[in-house]
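Raw contents of final-v8.cif, mmCIF, C-alpha atoms:
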```
data_coords
#
loop_
_atom_site.label_atom_id
_atom_site.label_comp_id
_atom_site.auth_asym_id
_atom_site.auth_seq_id
_atom_site.Cartn_x
_atom_site.Cartn_y
_atom_site.Cartn_z
CA MET E 1 -32.56 172.27 -216.40
CA THR E 2 -30.42 170.35 -218.92
CA ARG E 3 -27.25 171.28 -217.01
CA LEU E 4 -28.79 170.17 -213.69
CA ARG E 5 -30.00 166.88 -215.22
CA LEU E 6 -26.47 166.12 -216.49
CA ILE E 7 -24.99 166.85 -213.06
CA LEU E 8 -27.48 164.50 -211.38
CA LEU E 9 -26.80 161.75 -213.89
CA ALA E 10 -23.04 162.15 -213.39
CA PHE E 11 -23.52 161.46 -209.68
CA GLY E 12 -25.69 158.42 -210.32
CA LEU E 13 -29.07 160.02 -209.84
CA GLY E 14 -30.86 158.63 -212.85
CA SER E 15 -33.82 157.70 -210.68
CA ALA E 16 -35.34 159.68 -207.83
CA PRO E 17 -32.79 159.68 -204.95
CA ALA E 18 -33.73 158.98 -201.36
CA PHE E 19 -34.10 162.02 -199.12
CA ALA E 20 -31.23 162.27 -196.61
CA GLY E 21 -31.85 165.56 -194.84
CA VAL E 22 -31.38 169.31 -194.85
CA ALA E 23 -28.16 171.31 -194.44
CA VAL E 24 -28.00 174.92 -193.21
CA ASP E 25 -24.70 176.77 -193.33
CA LEU E 26 -23.52 180.10 -191.86
CA SER E 27 -20.15 181.43 -192.98
CA PHE E 28 -17.89 184.43 -192.48
CA GLY E 29 -15.26 185.11 -195.13
CA GLN E 30 -12.27 187.33 -195.87
CA SER E 31 -10.70 187.71 -199.28
CA ILE E 32 -7.01 186.89 -199.62
CA SER E 33 -6.81 188.31 -203.13
CA GLY E 34 -9.22 190.15 -205.38
CA SER E 35 -9.76 192.67 -208.12
CA ILE E 36 -12.54 194.61 -209.79
CA ASN E 37 -12.70 195.83 -213.37
CA THR E 38 -14.80 198.97 -213.81
CA GLY E 39 -12.96 200.12 -216.94
CA THR E 40 -9.59 199.68 -215.27
CA SER E 41 -8.57 196.84 -212.96
CA SER E 42 -8.13 197.67 -209.26
CA PRO E 43 -7.16 195.51 -206.23
CA LEU E 44 -10.16 194.71 -204.04
CA SER E 45 -10.79 193.55 -200.47
CA GLN E 46 -14.02 191.86 -199.40
CA GLN E 47 -15.46 190.61 -196.09
CA SER E 48 -18.60 188.50 -196.40
CA PHE E 49 -21.40 186.83 -194.47
CA ALA E 50 -23.42 184.03 -196.03
CA LEU E 51 -26.46 181.90 -195.28
CA SER E 52 -27.28 178.85 -197.37
CA GLY E 53 -29.82 176.06 -197.24
CA ASP E 54 -29.65 172.76 -199.12
CA TYR E 55 -31.89 169.77 -199.71
CA VAL E 56 -29.67 166.69 -199.31
CA GLY E 57 -30.17 163.30 -200.98
CA ASN E 58 -28.34 159.95 -200.86
CA LEU E 59 -26.14 159.01 -203.82
CA SER E 60 -26.90 155.63 -205.36
CA ARG E 61 -23.25 155.39 -206.35
CA GLY E 62 -20.53 157.81 -205.34
CA LEU E 63 -16.96 158.76 -206.01
CA LEU E 64 -15.52 157.17 -202.86
CA GLY E 65 -17.88 154.24 -202.23
CA GLY E 66 -19.07 153.19 -198.80
CA GLY E 67 -22.52 154.77 -199.00
CA ASN E 68 -21.59 157.93 -197.11
CA GLU E 69 -21.87 160.36 -200.00
CA ARG E 70 -24.65 162.84 -200.65
CA TRP E 71 -25.80 165.29 -203.29
CA SER E 72 -27.18 168.71 -202.45
CA LEU E 73 -29.36 171.33 -204.11
CA GLY E 74 -30.19 174.71 -202.62
CA LEU E 75 -29.78 178.48 -202.47
CA GLY E 76 -27.10 180.78 -201.06
CA LEU E 77 -27.48 184.38 -199.90
CA TYR E 78 -24.34 186.50 -199.61
CA THR E 79 -23.75 190.01 -198.29
CA GLY E 80 -20.55 191.78 -197.45
CA GLN E 81 -18.34 194.82 -197.41
CA VAL E 82 -16.05 195.73 -200.29
CA SER E 83 -13.31 198.33 -200.67
CA TYR E 84 -10.97 199.27 -203.50
CA SER E 85 -9.10 202.29 -204.83
CA ALA E 86 -9.56 203.52 -208.39
CA GLY E 87 -7.71 206.54 -209.75
CA GLY E 88 -6.37 207.29 -206.27
CA VAL E 89 -9.91 207.51 -204.82
CA LYS E 90 -11.03 204.96 -202.19
CA ASN E 91 -14.41 203.30 -202.77
CA THR E 92 -16.22 201.45 -199.98
CA GLY E 93 -19.64 199.84 -199.86
CA GLY E 94 -21.67 196.66 -199.85
CA ASN E 95 -22.04 193.65 -202.10
CA PHE E 96 -25.07 191.34 -202.29
CA PHE E 97 -25.70 188.29 -204.46
CA LEU E 98 -27.97 185.26 -204.64
CA THR E 99 -26.86 181.85 -205.90
CA ALA E 100 -28.28 178.47 -206.89
CA ARG E 101 -26.12 175.65 -205.48
CA THR E 102 -25.69 172.03 -206.44
CA GLY E 103 -22.90 169.70 -205.43
CA TRP E 104 -21.35 166.75 -203.66
CA MET E 105 -20.66 166.00 -200.01
CA ALA E 106 -19.11 163.03 -198.24
CA PHE E 107 -18.80 161.90 -194.62
CA VAL E 108 -15.35 160.39 -194.02
CA GLY E 109 -13.20 159.34 -191.07
CA GLY E 110 -15.98 157.46 -189.32
CA LYS E 111 -18.45 160.18 -190.35
CA ASN E 112 -16.56 162.68 -188.19
CA TRP E 113 -15.37 164.76 -191.15
CA LEU E 114 -17.41 166.39 -193.88
CA LEU E 115 -16.09 167.20 -197.37
CA GLN E 116 -18.01 169.38 -199.82
CA LEU E 117 -17.61 170.64 -203.36
CA THR E 118 -20.58 172.86 -204.20
CA PRO E 119 -20.45 175.05 -207.33
CA GLU E 120 -22.80 178.03 -207.07
CA PHE E 121 -24.30 179.88 -210.03
CA VAL E 122 -24.95 183.59 -209.46
CA LEU E 123 -28.61 184.46 -210.11
CA PHE E 124 -28.56 188.14 -209.13
CA SER E 125 -25.92 190.66 -208.02
CA ARG E 126 -26.01 194.19 -206.65
CA MET E 127 -23.08 196.22 -205.37
CA SER E 128 -23.08 199.85 -204.20
CA VAL E 129 -19.92 201.82 -203.37
CA ALA E 130 -19.38 205.41 -202.28
CA SER E 131 -16.35 207.67 -202.64
CA TYR E 132 -15.37 211.20 -201.64
CA SER E 133 -12.94 213.55 -203.37
CA GLN E 134 -12.15 217.16 -204.23
CA THR E 135 -12.60 218.50 -207.76
CA THR E 136 -12.29 221.81 -209.55
CA ILE E 137 -15.15 223.04 -211.76
CA ASP E 138 -14.68 226.30 -213.72
CA GLY E 139 -11.88 227.29 -211.36
CA GLU E 140 -13.97 226.71 -208.23
CA ASN E 141 -13.11 224.01 -205.67
CA PHE E 142 -15.81 221.47 -204.92
CA GLN E 143 -16.11 218.57 -202.49
CA SER E 144 -17.80 215.68 -204.29
CA ALA E 145 -19.56 212.55 -203.11
CA SER E 146 -20.16 209.73 -205.57
CA LEU E 147 -22.42 206.68 -205.33
CA SER E 148 -21.99 203.91 -207.91
CA THR E 149 -24.42 200.99 -208.06
CA TYR E 150 -23.67 197.88 -210.13
CA SER E 151 -26.28 195.23 -210.92
CA GLY E 152 -26.63 192.16 -213.11
CA ASN E 153 -26.49 188.38 -213.02
CA GLY E 154 -24.24 185.54 -214.05
CA SER E 155 -20.88 183.96 -213.21
CA ILE E 156 -19.91 181.48 -210.53
CA ARG E 157 -18.58 180.79 -207.05
CA VAL E 158 -16.67 177.54 -206.33
CA PRO E 159 -15.92 176.64 -202.68
CA ILE E 160 -13.95 173.64 -201.39
CA TYR E 161 -15.02 172.84 -197.81
CA VAL E 162 -13.71 170.64 -194.97
CA GLY E 163 -15.59 170.38 -191.66
CA LYS E 164 -15.15 168.54 -188.33
CA LYS E 165 -18.12 167.09 -186.45
CA MET E 166 -18.62 168.56 -182.97
CA ASN E 167 -19.96 166.73 -179.90
CA TRP E 168 -22.92 169.09 -179.73
CA LYS E 169 -26.37 169.08 -181.32
CA LEU E 170 -29.11 171.60 -181.91
CA GLY E 171 -32.13 169.37 -181.46
CA ARG E 172 -31.57 166.58 -183.96
CA ALA E 173 -29.20 168.66 -186.10
CA GLU E 174 -25.51 167.78 -186.00
CA LEU E 175 -22.97 170.61 -185.96
CA PHE E 176 -19.81 170.75 -188.07
CA LEU E 177 -17.16 173.46 -187.73
CA GLY E 178 -15.41 173.98 -191.02
CA GLY E 179 -13.36 176.09 -193.33
CA SER E 180 -13.38 176.68 -197.06
CA LEU E 181 -11.32 178.15 -199.86
CA SER E 182 -13.47 179.69 -202.58
CA THR E 183 -13.12 181.49 -205.89
CA LEU E 184 -15.76 184.02 -206.91
CA ILE E 185 -16.35 185.55 -210.33
CA GLN E 186 -19.22 188.05 -210.25
CA SER E 187 -20.46 189.90 -213.35
CA PHE E 188 -22.40 193.15 -213.63
CA SER E 189 -24.07 194.58 -216.73
CA GLN E 190 -25.57 197.84 -215.44
CA ARG E 191 -23.97 200.81 -213.66
CA ASN E 192 -25.66 203.85 -212.15
CA ASP E 193 -23.50 206.79 -211.02
CA THR E 194 -24.74 209.71 -208.91
CA VAL E 195 -22.27 212.51 -208.17
CA VAL E 196 -23.03 215.49 -205.94
CA ALA E 197 -20.42 218.28 -205.80
CA THR E 198 -20.68 221.09 -203.22
CA SER E 199 -18.63 224.28 -202.97
CA PRO E 200 -17.71 224.97 -199.31
CA SER E 201 -17.23 228.68 -200.02
CA THR E 202 -20.41 229.49 -201.96
CA GLY E 203 -22.71 226.57 -201.13
CA LYS E 204 -23.21 225.95 -204.85
CA VAL E 205 -24.29 222.38 -205.67
CA ASN E 206 -23.85 220.44 -208.90
CA SER E 207 -25.31 216.98 -209.37
CA ILE E 208 -24.93 214.45 -212.17
CA GLU E 209 -26.65 211.08 -212.66
CA LYS E 210 -25.66 208.63 -215.37
CA ASN E 211 -26.75 205.09 -216.31
CA THR E 212 -24.35 202.91 -218.26
CA SER E 213 -24.57 199.44 -219.78
CA GLY E 214 -21.31 197.54 -219.94
CA SER E 215 -19.28 194.61 -218.70
CA TYR E 216 -17.93 194.91 -215.15
CA GLN E 217 -16.42 192.05 -213.18
CA LEU E 218 -15.38 191.30 -209.60
CA GLN E 219 -13.00 188.44 -208.82
CA ALA E 220 -12.00 187.27 -205.35
CA MET E 221 -10.40 184.30 -203.62
CA SER E 222 -11.51 183.97 -199.99
CA LEU E 223 -11.03 181.94 -196.83
CA SER E 224 -14.20 181.35 -194.80
CA PHE E 225 -15.17 179.94 -191.39
CA HIS E 226 -18.36 177.83 -191.34
CA LEU E 227 -21.02 176.65 -188.92
CA THR E 228 -22.87 173.82 -190.66
CA PHE E 229 -26.01 172.16 -189.29
CA ILE E 230 -27.18 168.90 -190.88
CA LEU E 231 -30.56 167.41 -190.00
#
```
Reformat the file's structure so that it appears as C-alpha cells.
Amino acid sequence: MTRLRLILLAFGLGSAPAFAGVAVDLSFGQSISGSINTGTSSPLSQQSFALSGDYVGNLSRGLLGGGNERWSLGLGLYTGQVSYSAGGVKNTGGNFFLTARTGWMAFVGGKNWLLQLTPEFVLFSRMSVASYSQTTIDGENFQSASLSTYSGNGSIRVPIYVGKKMNWKLGRAELFLGGSLSTLIQSFSQRNDTVVATSPSTGKVNSIEKNTSGSYQLQAMSLSFHLTFIL
C-alpha cells in the first residue's frame, strides 16, 4: 500500500480523485525476443492473449497539462503459449499469470489518440510445458514424456501503449485500436517434474515425480495488438 500511495501522490492524487470511467482492454501479443532460465538459459517464444480492466480517475495535475490525463488502477489476466528448446529437447506448453496494474494515460491530438504507461506487478504465475524424447535405461530404449510445471509470484511487466480512436462505439464505450511494446520478467519459485518412460518393445513403464524449490525466470519482449474500450 505504501508503494501505491507514493505513486498516487506522484501523479497529484493527494486527495480523492474524481471518477472518470472504466477501461477494458483485449490484446494479442507475440514475443520478438525472449529467454527462460531453468538452470541453463534457453531462447523462448511466446504468443499471448490478455484481458484487463481498470478503474480510471482524473488527474488533478498531470505531466502534459490540459486536463486530459488520467490515472488507472486494475487487474490483468494473461494466458499464452510458450515454446523453447533445452538440451536439444523442444518444450511446449502454456503460461498463465495475474497482475495488479497502476499507471498513467493521456488523451492527445484532440482526444483522438491515447497514450498509456501502465506498470504491472505479477501476483501469481503458473507455466506448464511438455516434452518428448528417447532415453536408454539399463541398456533398454525408452520413449519418455515429461511434464514440468512452474509456479510462483513476483516480478513485473511494463507496456508502452499508443492507440487511435475509432469512429465506432459499443453503447457509450469508445473504441481505440492500439499497439504496445512490453517487457516481461516473470519469476517462479517452485518446479514439479513428472516423467513417464515406456519401452515400445516390452511395454515396461518407469515413472518419476520430483518437486524442486529454486529460482527460475522467464524474460520476454513482445509486440501486441489492442482493442481498448473506455466508458
**Request:** With a distance cut-off of 12 Å and only C-alpha atoms, select the neighbouring residues of Leu123 of chain E, excluding the residue or stretch itself and same-chain residues fewer than 4 positions from it, and output the selection as JSON, numbers by chain.
**Result:** {"E": [75, 76, 77, 78, 96, 97, 98, 99, 100, 101, 151, 152, 153, 154, 155, 156, 157, 186, 187, 188]}
**Request:** Report the residues retrieved by the PyMOL selection byres ((chain E and resi 134) around 6) from the displayed file, expressed as a PyMOL selection string.
**Result:** chain E and resi 133+135+142-144
**For segment 109-121 of chain E: contacts at 10 Å, all atoms listed in the file, fewer than 4 positions along chain excluded, given as a ChimeraX atom specification** = /E:68-76,98-105,153-167,176-178,180,182-186,228
**Residues matched by the PyMOL selection byres ((chain E and resi 42) around 10), written as an NGL selection string** = :E and (34-41 or 43-44 or 84-87 or 218)
Please produce a file of those selected residues containing C-alpha atoms, as a compact mmCIF listing (two decimals), keeping the file's coordinate frame.
```
# COMPACT_ATOMS: atom_id res chain seq x y z
CA GLY E 34 -9.22 190.15 -205.38
CA SER E 35 -9.76 192.67 -208.12
CA ILE E 36 -12.54 194.61 -209.79
CA ASN E 37 -12.70 195.83 -213.37
CA THR E 38 -14.80 198.97 -213.81
CA GLY E 39 -12.96 200.12 -216.94
CA THR E 40 -9.59 199.68 -215.27
CA SER E 41 -8.57 196.84 -212.96
CA PRO E 43 -7.16 195.51 -206.23
CA LEU E 44 -10.16 194.71 -204.04
CA TYR E 84 -10.97 199.27 -203.50
CA SER E 85 -9.10 202.29 -204.83
CA ALA E 86 -9.56 203.52 -208.39
CA GLY E 87 -7.71 206.54 -209.75
CA LEU E 218 -15.38 191.30 -209.60
```
**Item:** Proximity to Thr92 of chain E - best of E:Leu227, E:Met221, E:Met127, E:Leu64, all atoms listed in the file
**Value:**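 Looking at the shortest contact to Thr92 of chain E, the residue is E:Met127.
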**Prompt:** How far is it from atom CA of Thr149 of chain E to atom CA of Phe225 of chain E, in Å with one decimal?
**Reply:** 28.4 Å
**Prompt:** Which residues come within 10 Å of Thr202 of chain E, counting only C-alpha atoms, excluding same-chain residues fewer than 3 positions away, as number ranges by chain?
**Reply:** E: 140-142, 198-199, 205
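Put simply, atom CA of Val108 of chain E is 15.8 Å away from atom CA of Gly179 of chain E.
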**Asked** Hey, what's within 7 Å of Ser148 of chain E if we count only C-alpha atoms and toss same-chain stuff fewer than 4 positions away? As a ChimeraX atom specification, please?
**Response** /E:128-130,191-194
